[in-house]
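Novice: Take a look at run.csv, CSV, C-alpha atoms and all ligand atoms:
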chain,number,residue,atom,x,y,z
A,1,MET,CA,116.1,116.2,121.8
A,2,ARG,CA,116.6,119.1,119.4
A,3,GLU,CA,113.3,121.1,119.2
A,4,ASP,CA,113.9,122.6,115.7
A,5,VAL,CA,113.7,119.3,113.9
A,6,LYS,CA,110.2,118.6,112.5
A,7,ALA,CA,111.0,115.5,110.4
A,8,ILE,CA,113.5,112.7,110.2
A,9,SER,CA,113.7,111.5,106.6
A,10,MET,CA,115.5,108.3,105.6
A,11,VAL,CA,115.8,106.5,102.3
A,12,TRP,CA,117.9,103.4,101.6
A,13,LEU,CA,118.8,100.5,99.4
A,14,SER,CA,119.1,97.0,100.7
A,15,LYS,CA,120.4,94.0,98.7
A,16,THR,CA,119.0,90.6,99.6
A,17,ASP,CA,120.2,87.1,98.9
A,18,LEU,CA,117.7,84.6,97.6
A,19,THR,CA,114.5,85.3,99.6
A,20,ASN,CA,110.7,85.7,99.5
A,21,LEU,CA,109.9,88.5,102.0
A,22,ASN,CA,106.3,89.2,101.1
A,23,SER,CA,104.0,86.7,99.4
A,24,GLY,CA,101.3,87.6,97.0
A,25,GLU,CA,98.0,85.8,96.6
A,26,GLY,CA,99.6,82.5,95.6
A,27,GLY,CA,97.7,79.3,95.3
A,28,SER,CA,97.3,76.0,97.3
A,29,ASN,CA,100.8,74.8,96.4
A,30,LEU,CA,102.5,78.1,95.4
A,31,VAL,CA,104.1,80.7,97.7
A,32,ASP,CA,104.7,83.5,95.1
A,33,ILE,CA,106.4,86.8,95.5
A,34,LYS,CA,104.4,90.1,95.6
A,35,LYS,CA,105.0,91.8,92.2
A,36,TYR,CA,104.5,95.1,90.5
A,37,ARG,CA,104.9,95.8,86.7
A,38,TRP,CA,107.0,98.5,85.1
A,39,LYS,CA,107.5,98.8,81.4
A,40,GLY,CA,106.1,95.3,80.8
A,41,ARG,CA,108.4,93.5,83.3
A,42,ASP,CA,107.7,92.1,86.8
A,43,TYR,CA,109.6,93.3,89.9
A,44,PRO,CA,109.2,92.2,93.5
A,45,TYR,CA,108.0,94.5,96.3
A,46,VAL,CA,107.4,94.4,100.0
A,47,SER,CA,104.3,96.2,101.2
A,48,GLY,CA,104.5,99.3,103.5
A,49,GLN,CA,102.4,97.3,106.0
A,50,ALA,CA,104.9,94.5,106.1
A,51,MET,CA,107.7,97.0,106.5
A,52,ARG,CA,105.9,98.6,109.4
A,53,PHE,CA,105.4,95.2,111.0
A,54,TYR,CA,109.2,94.5,110.8
A,55,LEU,CA,109.9,97.8,112.6
A,56,LYS,CA,107.3,97.2,115.2
A,57,GLU,CA,108.7,93.8,116.0
A,58,ALA,CA,112.2,95.2,116.2
A,59,ILE,CA,110.9,97.7,118.8
A,60,ARG,CA,109.0,95.0,120.6
A,61,ARG,CA,112.3,93.2,121.3
A,62,GLU,CA,113.6,96.2,123.2
A,63,VAL,CA,110.6,97.2,125.4
A,64,ASN,CA,108.5,95.7,128.2
A,65,PRO,CA,105.2,93.9,127.2
A,66,GLU,CA,103.2,96.8,128.8
A,67,GLU,CA,104.7,99.2,126.3
A,68,ALA,CA,103.9,97.3,123.1
A,69,CYS,CA,100.4,95.9,122.7
A,70,ILE,CA,99.3,93.5,120.0
A,71,ALA,CA,96.1,93.8,118.0
A,72,ASP,CA,93.0,91.9,119.1
A,73,GLU,CA,90.9,89.6,116.9
A,74,ARG,CA,89.3,92.7,115.3
A,75,GLY,CA,92.7,94.2,114.5
A,76,GLU,CA,92.3,96.9,117.1
A,77,THR,CA,95.2,97.9,119.4
A,78,CYS,CA,95.2,99.5,122.8
A,79,GLY,CA,95.2,103.1,121.7
A,80,GLN,CA,97.1,104.3,124.8
A,81,ILE,CA,99.5,106.9,123.5
A,82,GLU,CA,100.9,107.6,127.0
A,83,LYS,CA,101.8,103.9,127.7
A,84,CYS,CA,102.2,102.1,124.4
A,85,VAL,CA,105.2,102.9,122.2
A,86,LEU,CA,103.8,101.2,119.2
A,87,CYS,CA,100.3,102.9,119.3
A,88,ASP,CA,102.1,106.2,119.7
A,89,LEU,CA,104.6,105.7,116.8
A,90,PHE,CA,102.4,103.7,114.4
A,91,GLY,CA,98.9,105.1,115.1
A,92,PHE,CA,95.7,103.1,115.4
A,93,MET,CA,92.0,102.8,114.7
A,94,THR,CA,90.3,101.4,117.7
A,95,THR,CA,87.2,101.6,120.0
A,96,LEU,CA,87.7,102.0,123.8
A,97,PRO,CA,84.9,101.4,126.3
A,98,ASP,CA,85.4,104.8,127.9
A,99,LYS,CA,86.2,106.9,124.8
A,100,GLY,CA,84.4,105.3,121.9
A,101,ALA,CA,86.0,105.2,118.4
A,102,LEU,CA,89.5,106.7,118.2
A,103,VAL,CA,91.8,107.2,115.2
A,104,ARG,CA,95.4,108.3,115.4
A,105,LEU,CA,97.4,109.1,112.2
A,106,SER,CA,100.7,107.3,112.3
A,107,PRO,CA,103.7,109.6,113.0
A,108,VAL,CA,105.8,107.0,111.2
A,109,LYS,CA,105.3,107.1,107.4
A,110,MET,CA,106.8,104.1,105.7
A,111,SER,CA,107.2,103.3,102.0
A,112,PRO,CA,106.9,99.9,100.5
A,113,ALA,CA,110.3,98.4,99.6
A,114,ILE,CA,110.4,98.2,95.8
A,115,GLY,CA,112.7,95.8,94.0
A,116,LEU,CA,114.8,97.5,91.3
A,117,ILE,CA,116.0,94.4,89.3
A,118,PRO,CA,113.5,92.6,87.0
A,119,LEU,CA,112.4,89.3,88.4
A,120,ASP,CA,113.0,87.4,85.2
A,121,GLU,CA,116.8,88.0,85.7
A,122,THR,CA,117.0,86.6,89.2
A,123,MET,CA,114.0,84.4,90.2
A,124,VAL,CA,114.1,80.7,90.9
A,125,THR,CA,111.4,78.4,92.1
A,126,ASP,CA,112.3,76.1,94.9
A,127,PHE,CA,110.5,73.1,96.1
A,128,LEU,CA,109.5,72.6,99.6
A,129,THR,CA,108.0,69.3,100.8
A,130,ARG,CA,105.3,69.3,103.4
A,131,ARG,CA,105.6,65.9,104.9
A,132,HIS,CA,102.8,64.3,106.8
A,133,ARG,CA,103.7,61.7,109.4
A,134,GLY,CA,100.2,60.5,110.2
A,135,ALA,CA,99.4,56.9,111.2
A,136,ALA,CA,98.0,56.1,107.7
A,137,GLN,CA,101.3,56.8,106.0
A,138,ALA,CA,103.3,55.0,108.6
A,139,GLN,CA,101.3,51.8,108.0
A,140,GLU,CA,102.2,51.9,104.4
A,141,GLY,CA,105.8,52.2,105.4
A,142,GLU,CA,106.5,55.6,103.7
A,143,LEU,CA,106.3,59.3,104.2
A,144,ARG,CA,104.0,61.2,101.9
A,145,GLY,CA,103.8,64.9,101.4
A,146,ASP,CA,102.7,67.6,99.1
A,147,ILE,CA,105.1,69.7,97.1
A,148,VAL,CA,104.9,73.4,97.6
A,149,ASN,CA,106.6,75.8,95.1
A,150,VAL,CA,108.3,78.8,96.6
A,151,GLU,CA,109.4,81.7,94.4
A,152,LEU,CA,112.7,83.1,95.6
A,153,ALA,CA,114.8,86.0,94.2
A,154,ILE,CA,117.8,88.1,94.7
A,155,ASN,CA,117.2,91.8,94.4
A,156,ILE,CA,118.1,95.3,95.5
A,157,TYR,CA,115.2,97.1,97.2
A,158,LYS,CA,114.6,100.8,97.8
A,159,ALA,CA,112.7,101.8,100.9
A,160,GLY,CA,112.3,104.8,103.1
A,161,LEU,CA,110.5,106.4,106.1
A,162,CYS,CA,109.7,109.8,107.4
A,163,LEU,CA,109.0,110.5,111.0
A,164,ASP,CA,106.6,113.4,111.8
A,165,LEU,CA,108.5,114.3,115.0
A,166,LEU,CA,106.1,116.8,116.5
A,167,ARG,CA,103.4,114.1,116.7
A,168,VAL,CA,105.5,111.7,118.7
A,169,GLY,CA,104.1,111.6,122.2
A,170,SER,CA,101.4,114.2,121.3
A,171,ASP,CA,97.8,114.0,120.2
A,172,GLU,CA,95.7,116.3,118.2
A,173,ARG,CA,92.9,118.0,120.1
A,174,PRO,CA,90.2,120.4,119.0
A,175,LYS,CA,90.7,124.0,120.0
A,176,GLU,CA,88.3,126.9,119.9
A,177,ILE,CA,89.9,129.8,118.1
A,178,GLY,CA,87.1,132.3,118.2
A,179,ARG,CA,83.4,133.1,117.9
A,180,ILE,CA,81.4,135.1,115.5
A,181,GLU,CA,78.4,136.6,117.2
A,182,GLY,CA,75.2,137.2,115.3
A,183,ALA,CA,72.1,139.2,116.0
A,184,ARG,CA,70.6,139.4,119.5
A,185,LYS,CA,67.3,137.6,119.7
A,186,LYS,CA,64.6,137.7,122.3
A,187,ARG,CA,63.6,134.3,123.5
A,188,ARG,CA,61.2,133.8,126.4
A,189,GLY,CA,61.8,137.2,127.7
A,190,SER,CA,65.6,137.1,127.9
A,191,GLU,CA,68.0,138.2,125.2
A,192,GLU,CA,70.3,135.5,123.5
A,193,VAL,CA,73.1,135.9,121.1
A,194,GLU,CA,73.6,133.4,118.4
A,195,ALA,CA,77.3,132.5,117.9
A,196,LYS,CA,79.3,130.4,115.5
A,197,ILE,CA,82.2,128.7,117.2
A,198,LEU,CA,85.4,128.6,115.1
A,199,GLN,CA,87.5,125.4,115.6
A,200,SER,CA,91.0,124.4,114.9
A,201,VAL,CA,93.3,121.7,116.2
A,202,GLU,CA,96.4,121.7,118.4
A,203,LEU,CA,98.9,119.1,119.4
A,204,VAL,CA,98.9,118.4,123.1
A,205,ARG,CA,101.9,116.7,124.7
A,206,LEU,CA,101.0,113.5,126.5
A,207,VAL,CA,104.4,112.2,127.5
A,208,ASP,CA,107.5,113.9,128.9
A,209,GLU,CA,110.5,115.0,126.8
A,210,SER,CA,112.8,112.2,127.9
A,211,GLU,CA,110.2,109.5,127.0
A,212,ARG,CA,109.7,111.2,123.6
A,213,ALA,CA,113.4,111.0,122.9
A,214,ARG,CA,113.5,107.4,124.0
A,215,ARG,CA,110.8,106.5,121.5
A,216,VAL,CA,112.4,108.3,118.6
A,217,LYS,CA,115.7,106.4,119.4
A,218,LEU,CA,113.8,103.1,119.6
A,219,LEU,CA,112.5,103.7,116.0
A,220,LEU,CA,115.9,104.8,114.6
A,221,ASP,CA,117.6,101.7,116.3
A,222,ALA,CA,114.9,99.5,114.8
A,223,VAL,CA,116.0,100.6,111.3
A,224,LYS,CA,119.5,99.2,112.1
A,225,ASP,CA,118.3,95.8,113.3
A,226,PHE,CA,114.8,94.9,111.9
A,227,SER,CA,114.7,91.3,111.0
A,228,ASP,CA,111.4,89.7,111.8
A,229,TYR,CA,110.4,88.9,108.2
A,230,SER,CA,108.3,85.9,107.3
A,231,LYS,CA,109.8,82.5,106.2
A,232,GLN,CA,113.1,83.1,107.9
A,233,ALA,CA,113.6,79.6,109.3
A,234,ARG,CA,114.8,78.7,105.8
A,235,LEU,CA,116.0,82.0,104.4
A,236,LEU,CA,118.0,84.0,107.0
A,237,THR,CA,117.7,87.3,105.1
A,238,ASP,CA,119.3,90.6,106.1
A,239,PHE,CA,117.1,93.3,104.8
A,240,THR,CA,118.6,96.3,106.7
A,241,PRO,CA,120.1,99.3,104.8
A,242,ASP,CA,123.3,98.9,102.8
A,243,PHE,CA,123.2,102.5,101.4
A,244,ILE,CA,121.3,105.1,103.5
A,245,LEU,CA,120.7,108.8,103.5
A,246,ILE,CA,119.3,110.5,106.6
A,247,ALA,CA,118.2,114.1,106.9
A,248,LEU,CA,117.1,116.1,110.0
A,249,GLN,CA,114.7,118.6,108.5
A,250,ARG,CA,113.2,121.9,109.7
A,251,ASN,CA,110.2,121.2,107.5
A,252,TYR,CA,108.0,118.2,107.0
A,253,SER,CA,108.6,116.8,103.5
A,254,HIS,CA,109.1,113.5,101.7
A,255,ARG,CA,111.4,115.0,99.1
A,256,LEU,CA,114.5,112.9,100.2
A,257,GLN,CA,112.8,109.7,98.9
A,258,LYS,CA,113.6,110.8,95.3
A,259,ALA,CA,117.4,111.0,96.0
A,260,ILE,CA,118.0,107.4,95.3
A,261,GLU,CA,117.3,106.0,91.8
A,262,LEU,CA,119.1,103.5,89.7
A,263,ARG,CA,119.9,104.3,86.1
A,264,ASP,CA,117.5,102.8,83.6
A,265,ASP,CA,120.1,100.8,81.7
A,266,GLY,CA,120.1,97.5,83.6
A,267,SER,CA,123.2,98.3,85.6
A,268,ILE,CA,123.4,98.7,89.4
A,269,THR,CA,124.4,102.4,89.0
A,270,LEU,CA,123.0,105.2,91.0
A,271,HIS,CA,121.7,108.2,89.1
A,272,THR,CA,124.3,110.7,90.6
A,273,GLU,CA,123.0,113.9,88.9
A,274,ARG,CA,119.6,113.2,90.5
A,275,LEU,CA,121.3,112.5,93.9
A,276,ASP,CA,123.1,115.9,93.7
A,277,GLN,CA,119.9,117.8,92.7
A,278,ILE,CA,117.8,116.3,95.5
A,279,LEU,CA,120.5,116.8,98.1
A,280,ARG,CA,120.8,120.5,97.2
A,281,GLU,CA,117.0,120.9,97.7
A,282,VAL,CA,116.9,118.9,101.0
A,283,GLU,CA,120.0,120.5,102.5
A,284,GLY,CA,118.3,123.9,102.4
A,285,GLU,CA,115.6,122.6,104.7
A,286,CYS,CA,117.8,120.8,107.2
A,287,VAL,CA,118.9,122.0,110.6
A,288,ARG,CA,122.6,122.8,110.9
A,289,VAL,CA,125.1,120.8,113.0
A,290,ASP,CA,128.7,122.0,113.3
A,291,GLY,CA,128.0,124.6,110.6
A,292,LYS,CA,126.7,122.0,108.1
A,293,ALA,CA,123.3,120.8,106.9
A,294,ALA,CA,122.4,117.7,109.0
A,295,VAL,CA,122.5,115.0,106.2
A,296,TYR,CA,124.2,111.7,106.9
A,297,ALA,CA,125.2,108.9,104.5
A,298,GLY,CA,126.1,105.3,105.1
A,299,MET,CA,127.3,102.8,102.5
A,300,ILE,CA,128.8,99.4,102.4
A,301,ARG,CA,131.2,98.6,99.6
A,302,GLY,CA,130.3,96.4,96.6
A,303,LEU,CA,126.7,97.4,96.3
A,304,LEU,CA,126.8,100.1,93.6
A,305,GLU,CA,128.8,99.8,90.5
A,306,ASN,CA,129.6,103.6,90.6
A,307,GLU,CA,130.3,103.8,94.3
A,308,ASP,CA,133.3,106.0,93.8
A,309,GLU,CA,131.2,108.5,91.8
A,310,VAL,CA,128.6,108.5,94.6
A,311,GLU,CA,131.2,109.1,97.2
A,312,GLU,CA,132.5,112.0,95.1
A,313,ILE,CA,129.1,113.7,94.9
A,314,LEU,CA,128.5,113.3,98.7
A,315,LYS,CA,132.0,114.6,99.5
A,316,SER,CA,131.5,117.6,97.3
A,317,ARG,CA,128.4,118.4,99.4
A,318,GLY,CA,130.4,117.9,102.7
A,319,ILE,CA,128.8,114.6,103.5
A,320,GLU,CA,131.2,111.9,104.8
A,321,ILE,CA,130.4,108.3,104.0
A,322,VAL,CA,130.4,106.0,107.0
A,323,SER,CA,128.8,102.6,107.6
A,324,PRO,CA,124.9,102.6,107.6
A,325,ARG,CA,124.9,101.9,111.3
A,326,GLU,CA,127.2,104.8,112.1
A,327,ALA,CA,125.2,107.1,109.8
A,328,ILE,CA,122.1,106.4,112.0
A,329,GLU,CA,124.1,106.9,115.2
A,330,ARG,CA,125.4,110.2,113.9
A,331,ALA,CA,121.9,111.3,113.3
A,332,GLU,CA,120.9,110.2,116.8
A,333,LYS,CA,123.8,112.1,118.2
A,334,SER,CA,122.8,115.3,116.4
A,335,LEU,CA,119.3,114.9,117.6
A,336,GLY,CA,120.6,114.7,121.2
A,337,LEU,CA,119.6,111.1,121.7
A,338,LEU,CA,123.0,109.7,122.6
A,401,ZN,ZN,99.0,99.8,121.9
Starting from the file, lay out its structure as structure tokens.
Specialist:
Amino acid sequence: MREDVKAISMVWLSKTDLTNLNSGEGGSNLVDIKKYRWKGRDYPYVSGQAMRFYLKEAIRREVNPEEACIADERGETCGQIEKCVLCDLFGFMTTLPDKGALVRLSPVKMSPAIGLIPLDETMVTDFLTRRHRGAAQAQEGELRGDIVNVELAINIYKAGLCLDLLRVGSDERPKEIGRIEGARKKRRGSEEVEAKILQSVELVRLVDESERARRVKLLLDAVKDFSDYSKQARLLTDFTPDFILIALQRNYSHRLQKAIELRDDGSITLHTERLDQILREVEGECVRVDGKAAVYAGMIRGLLENEDEVEEILKSRGIEIVSPREAIERAEKSLGLL
């Protein structure tokens, strides 16, 4: 894996059909949609925690059970960075009998997915009947049930992630970086020097290079395929990226997240001046592959109303548009993972 890449940034749009990816508080007979408000209107969103869960489940499908623990009843995971791909990539707060309380910051930083179309334009309420087939009903010769209302909506969501690459397969350990010695003091006949120990932290590698590369590839592949959302028995939603930008950065920064914004006029039109500005900034911080900044773009047709204009901007910056899957594969290849 290339050693000069410090962060892999991704930001994307995904259009869904009618779905309810993440429920809010709801009620006894209501499965609502999680919402945020902007300028007096409601929009749906999917929490960052739910997004992380989808990625973890996509990785779990690809690895052995020993490499992907599940949380216990207290919500604590195994905390074994060397063995567990999920604890390494997604961090943990746990207590281990031999080591006590342990906290690992997640090398994967994931945004919530925010809906960009107001809910009043797209939401319907569907009825779902929960039927009970108990003996009492059977005697009366009918099936009874209660009606549950499920909010469903079509939307375009924006989401993103940033991987802090140096932390994958590594752990932060305290490191003594010096001492300041004070006055000599006589104590019980012998002379002692009081010293203040100066501490810092350093990253210590816990897994070998090929295993680190495998874990990074598992995460990038998960973005292509993640699909373990709730309520899928009745919804069959595809929530993977339809338009994606990927940057292999020499710095750690979340700046790329601002590259994708829809115009505030009710259309499904990307703000192309903004796209151009942010790409200019991010390109300066990217590693170079074949003489160009390592930025990749994938897009399927029919998502954005101004897709030709978007293509024009990307082309002017030397970025070819391929499919979202291929954009991720090109990034993997540039990282040396394929
Ligand atoms: Zn674990």
Novice: Please check which protein, DNA or RNA residues sit within 7 Å of ligand ZN 401 (chain A), counting all atoms listed in the file, and write them as an NGL selection string.
Specialist: :A and (68-70 or 77-80 or 84-87)
Novice: May I have the residues within 9 Å of Gly178 (chain A) as a list in words, using only C-alpha atoms and disregarding those fewer than 4 positions away in the same chain?
Specialist: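 Contacts, with the query itself left out: Lys196, Ile197, Leu198 and Gln199 of chain A.
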Novice: Would you mind telling me which residue in A:Leu119, A:Val148, A:Leu105, A:Val287 lies nearest to Asn29 (chain A) when using all atoms listed in the file?
Specialist: A:Val148
Novice: For a quick check of understanding, using all atoms listed in the file, which of A:Arg234, A:Lys34, A:Arg52, A:Glu332 has the smallest distance to Phe127 (chain A)?
Specialist: A:Arg234
Novice: For region 322-325 of chain A, find every residue with an atom within 7 Å (counting all atoms listed in the file), except residues of its own chain fewer than 4 positions away, and show them as a ChimeraX atom specification.
Specialist: /A:224,241-244,297-300,329
Novice: For a quick check of understanding, using all atoms listed in the file, which of A:Gly24, A:Asn149, A:Asp228, A:Lys258 has the smallest distance to Gln277 (chain A)?
Specialist: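 Answer, going by the shortest atom-to-atom distance: A:Lys258.
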Novice: Determine, counting only C-alpha atoms, which protein, DNA and RNA residues have an atom within 9 Å of an atom of Leu152 (chain A); residues of the same chain fewer than 6 positions away are not included. Present the result as a list in words.
Specialist: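 Final neighbour list, sorted by chain and number: Leu18, Thr19, Asn20, Leu21, Asp32, Ile33, Thr122, Met123, Val124, Thr125 and Asp126 of chain A.
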Novice: In Å, rounded to a single decimal, give me how far CA of Pro174 (chain A) is from CA of Ala195 (chain A).
Specialist: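 These atoms are spaced 17.7 Å apart.
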Novice: If I take CA of Asn155 (chain A) and CA of Leu116 (chain A), how far is one from the other in Å, to one decimal?
Specialist: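 Going from CA of Asn155 (chain A) over to CA of Leu116 (chain A) covers 6.9 Å.
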Novice: Please, what distance in Å, to one decimal, runs between CA of Arg104 (chain A) and CA of Phe92 (chain A)?
Specialist: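 Calculated distance between CA of Arg104 (chain A) and CA of Phe92 (chain A) is 5.2 Å.
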Novice: Might you pull out every residue within 9 Å of Leu236 (chain A), with only C-alpha atoms counted and same-chain residues fewer than 5 positions away left off, and present them as a list in words?
Specialist: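 Counting only C-alpha atoms, the residues come to Asp17, Thr19, Ser227 and Lys231 of chain A.
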Novice: Could the residues of region 171-280 of chain A that have an atom at most 12 Å from region 43-46 of chain A be listed as a tab-separated table, each with its closest atom pair and the distance in Å to one decimal, counting only C-alpha atoms and ordered by chain and ascending residue number?
Specialist:
residue	atom	partner	partner_atom	distance
A:Tyr229	CA	A:Val46	CA	10.3
A:Ser230	CA	A:Val46	CA	11.2
A:Phe239	CA	A:Val46	CA	10.9
Novice: Give me the residues near Leu304 (chain A) as a PDB file with C-alpha atoms, in the coordinates of the input, where near means some atom within 10 Å (using only C-alpha atoms) and where sequence neighbours in that chain fewer than 5 positions away do not count.
Specialist:
ATOM      1  CA  LEU A  13     118.800 100.500  99.400  1.00  0.00           C
ATOM      2  CA  ASP A 242     123.300  98.900 102.800  1.00  0.00           C
ATOM      3  CA  PHE A 243     123.200 102.500 101.400  1.00  0.00           C
ATOM      4  CA  LEU A 262     119.100 103.500  89.700  1.00  0.00           C
ATOM      5  CA  SER A 267     123.200  98.300  85.600  1.00  0.00           C
ATOM      6  CA  ILE A 268     123.400  98.700  89.400  1.00  0.00           C
ATOM      7  CA  THR A 269     124.400 102.400  89.000  1.00  0.00           C
ATOM      8  CA  LEU A 270     123.000 105.200  91.000  1.00  0.00           C
ATOM      9  CA  MET A 299     127.300 102.800 102.500  1.00  0.00           C
ATOM     10  CA  GLU A 309     131.200 108.500  91.800  1.00  0.00           C
ATOM     11  CA  VAL A 310     128.600 108.500  94.600  1.00  0.00           C
TER      12      VAL A 310
END
Novice: Distance table requested - region 106-205 of chain A against region 251-255 of chain A, cut-off 10 Å, all atoms listed in the file: one row per qualifying residue with the closest atom pair and its distance in Å to one decimal, ordered by chain and rising residue number, as JSON lines.
Specialist:
{"residue": "A:Lys109", "atom": "CA", "partner": "A:His254", "partner_atom": "CA", "distance": 9.4}
{"residue": "A:Gly160", "atom": "CA", "partner": "A:His254", "partner_atom": "CA", "distance": 9.4}
{"residue": "A:Leu161", "atom": "CA", "partner": "A:His254", "partner_atom": "CA", "distance": 8.5}
{"residue": "A:Cys162", "atom": "CA", "partner": "A:His254", "partner_atom": "CA", "distance": 6.8}
{"residue": "A:Leu163", "atom": "CA", "partner": "A:Tyr252", "partner_atom": "CA", "distance": 8.7}
{"residue": "A:Asp164", "atom": "CA", "partner": "A:Tyr252", "partner_atom": "CA", "distance": 6.9}
{"residue": "A:Leu165", "atom": "CA", "partner": "A:Tyr252", "partner_atom": "CA", "distance": 8.9}
{"residue": "A:Leu166", "atom": "CA", "partner": "A:Tyr252", "partner_atom": "CA", "distance": 9.8}
Novice: Which polymer residues, protein or nucleic acid, are no farther than 7 Å from (104.3, 107.0, 115.9), counting all atoms listed in the file, as a PyMOL selection string?
Specialist: chain A and resi 86-91+106-108+168
